[in-house]
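Below is one structure, written out as structure tokens; comments come after it.
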Amino acid sequence: MGEQPDPRPNRTFGVDIGGSGIKGAIVDTNTGKLLTERLRITTPRPSTPDAVAAVVVELVRQARWSGAVGATFPAVIQHGIARSAANVDPSWVDTDVDATLSAATGEEVTVLNDADAAGIAETRFGAARGVPGFVLMLTFGTGIGSALLMDGKLVPNTELGHLELRGHDAETHASAAAKDREQLSYAVWAARVQEYMAHVEKLFTPDLFVVGGGVSKNAKKWVPLLHLRAPVKPAELLNNAGIVGAAIAAAERLGR
């Protein structure tokens with residue numbers, strides 16, 4: 001008989017650091033399921049490295065966790081170092097986020113961009129599971145995040161929300177925040193999203209788009225209004241995607 005798969009969960013702690021809240025849970029990285037209730041603490045103001053690290057420490061403490069930790073961060077992350085700071089204090093720029101959070105928690109922390117984490121989660125366990133070729137995930141929220149995956153392998157830090165559209169960053173025109181700020185109907189906002197995604201499609205020609213962010217909960221109101229060559233699927237993991245993707249990244253860093 002061949003070797004049987006191990007049915008026991010591969011447990012890793014995932015943290016999702018956002019501009020308004022920091023969330024965490026223990027994840028079974030074999031299935032993508034949360035093994036504990038998702039904990040949430042409001043992001044401190046100002047959201048300096050010391051203040052954010054203290055919240056991550058508290059989440060780890062509340063979960064009674066010891067072991068590898070994965071964390072998303074709203075920034076370009078290059079070899080663990082923040083090269084930007086979106087919706088967090090600018091003092092994070094050029095900070096070694098891996099080292100800062102690892103020192104604070106006493107655990108090995110793996111940090112990656114928040115949209116990249118969501119893309120990993122959706123490719124492994126969500127809307128893009130089993131899809132070969134080129135998958136492009138776009139997250140519509142305060143800005144527009146992006147994750148590019150080829151045959152399940154991440155190409156990090158694509159930052160496609162900053163493509164120029166109408167003379168400005170695309171996210172100023174087509175993000176969910178723009179919809180709320182300008183009080184746009186789904187139909188009017190979907191026309192903006194269509195323009196943006198058609199531009200992205202000309203540049204990258206993906207096999208599948210996955211659209212996420214909080215607005216994906218209402219996907220039926222706007223995704224059917226999009227007309228692109230590639231199919232468009234709403235994200236499936238929703239608010240858990242960042243936590244799950246971060247946990248997967250941490251587990252894979254350790255070769256698990």
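Labeling convention for the structure tokens: chains A, B, ... as they appear, residues from 1 per chain, ligands from 1 in order of appearance.
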- Item | helix (DSSP H, G or I) residues, from DSSP on the backbone, in stretch 110-219 of chain A, as an NGL selection string | :A and (114-125 or 160-162 or 171-174 or 176-181 or 186-204 or 214-219)
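Closest approach to A:Val97 among A:Ala198, A:Val56, A:Val188, A:Ala128 is made by A:Val56 (distances from only C-alpha atoms).
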Listing only residues of stretch 151-202 of chain A within 8 Å of stretch 116-126 of chain A, what is the closest atom pair and its distance in Å (to one decimal) for each, using only C-alpha atoms, sorted by chain and residue number ascending, as JSON lines?
{"residue": "A:Gly152", "atom": "CA", "partner": "A:Thr123", "partner_atom": "CA", "distance": 6.3}
{"residue": "A:Leu154", "atom": "CA", "partner": "A:Ile120", "partner_atom": "CA", "distance": 7.1}
{"residue": "A:Pro156", "atom": "CA", "partner": "A:Asp116", "partner_atom": "CA", "distance": 6.4}
{"residue": "A:Asn157", "atom": "CA", "partner": "A:Asp116", "partner_atom": "CA", "distance": 7.2}
How about saving the chosen residues, C-alpha atoms kept, as a JSON list (two decimals), in the first residue's frame?
[["chain", "number", "residue", "atom", "x", "y", "z"],
["A", 152, "GLY", "CA", -0.02, 28.69, -8.52],
["A", 154, "LEU", "CA", 3.18, 34.05, -6.79],
["A", 156, "PRO", "CA", 4.97, 39.39, -5.56],
["A", 157, "ASN", "CA", 4.30, 43.12, -5.24]]
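With only C-alpha atoms as the basis for measurement, A:Asn113 is the residue among A:Thr105, A:Thr95, A:Asn113, A:Thr142 that approaches A:Gly245 most closely.
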- Task: Might you pull out every residue within 7 Å of A:Leu238, with only C-alpha atoms counted and same-chain residues fewer than 3 positions away left off, and present them as a PyMOL selection string?
- Result: chain A and resi 212-213+235+241
Since we have the selection now, will you write its residues out, keeping N, CA and C atoms, as a compact mmCIF listing (two decimals), in the first residue's frame?
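Saved result, part_3.txt, follows:
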# COMPACT_ATOMS: atom_id res chain seq x y z
N GLY A 212 -11.78 40.46 -5.21
CA GLY A 212 -11.99 40.34 -3.78
C GLY A 212 -12.14 41.70 -3.12
N GLY A 213 -11.92 41.73 -1.81
CA GLY A 213 -12.22 42.92 -1.03
C GLY A 213 -13.63 42.82 -0.47
N ALA A 235 -14.11 36.31 -5.14
CA ALA A 235 -13.32 35.59 -4.15
C ALA A 235 -14.25 34.78 -3.25
N ALA A 241 -9.27 35.49 3.81
CA ALA A 241 -8.24 35.23 2.80
C ALA A 241 -6.85 35.66 3.26
- Query: A:Pro132, A:Gly18, A:Gly80, A:Gly161: which is nearest A:Gly242, counting only C-alpha atoms?
  - Reply: A:Gly18
- Please provide as a PyMOL selection string all residues within 9 Å of A:Arg45, with the sequence filter that same-chain residues fewer than 2 positions apart are discarded (counting only C-alpha atoms). chain A and resi 43+47-48+51+88-89
- Message: Between atom CA of A:Gly24 and atom CA of A:Arg38, what is the distance in Å, rounded to a tenth?
- Response: 5.6 Å
- Distance of atom CA of A:Glu58 from atom CA of A:Ser146, expressed in Å to one decimal place: 29.2 Å
- With a distance cut-off of 7 Å and only C-alpha atoms, select the neighbouring residues of A:Leu35, excluding the residue or stretch itself and same-chain residues fewer than 6 positions from it, and output the selection as a PyMOL selection string. chain A and resi 26-28
- Item | In stretch 69-148 of chain A, DSSP strand (DSSP E or B) residues written as a list in words |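 Listing strand (DSSP E or B) positions across stretch 69-148 of chain A yields Val69, Gly70, Ala71, Thr72, Phe73, Ile77, Gln78, Ile81, Ala82, Asp96, Val109, Thr110, Val111, Leu112, Asn113, Phe134, Val135, Leu136, Met137, Leu138, Thr139, Phe140, Ile144, Gly145, Ser146, Ala147 and Leu148 of chain A.
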Per residue of stretch 166-216 of chain A within 8 Å of stretch 226-234 of chain A, note the shortest atom pair and the distance in Å to one decimal, counting only C-alpha atoms, and order the rows by chain and increasing residue number, as a Markdown table.
| residue | atom | partner | partner_atom | distance |
| --- | --- | --- | --- | --- |
| A:Ala190 | CA | A:Leu226 | CA | 6.9 |
| A:Ala191 | CA | A:Leu226 | CA | 7.7 |
| A:Val193 | CA | A:Leu226 | CA | 7.8 |
| A:Gln194 | CA | A:Leu226 | CA | 5.6 |
| A:Met197 | CA | A:Leu228 | CA | 7.8 |
| A:Ala198 | CA | A:Leu228 | CA | 6.5 |
| A:Glu201 | CA | A:Leu228 | CA | 7.9 |
| A:Thr205 | CA | A:Ala230 | CA | 7.7 |
| A:Pro206 | CA | A:Ala230 | CA | 6.5 |
| A:Asp207 | CA | A:Ala230 | CA | 5.6 |
| A:Leu208 | CA | A:Ala230 | CA | 5.4 |
| A:Phe209 | CA | A:Val232 | CA | 4.7 |
| A:Val210 | CA | A:Lys233 | CA | 4.9 |
| A:Val211 | CA | A:Pro234 | CA | 5.0 |
| A:Gly212 | CA | A:Pro234 | CA | 6.2 |
| A:Ser216 | CA | A:Pro234 | CA | 6.0 |
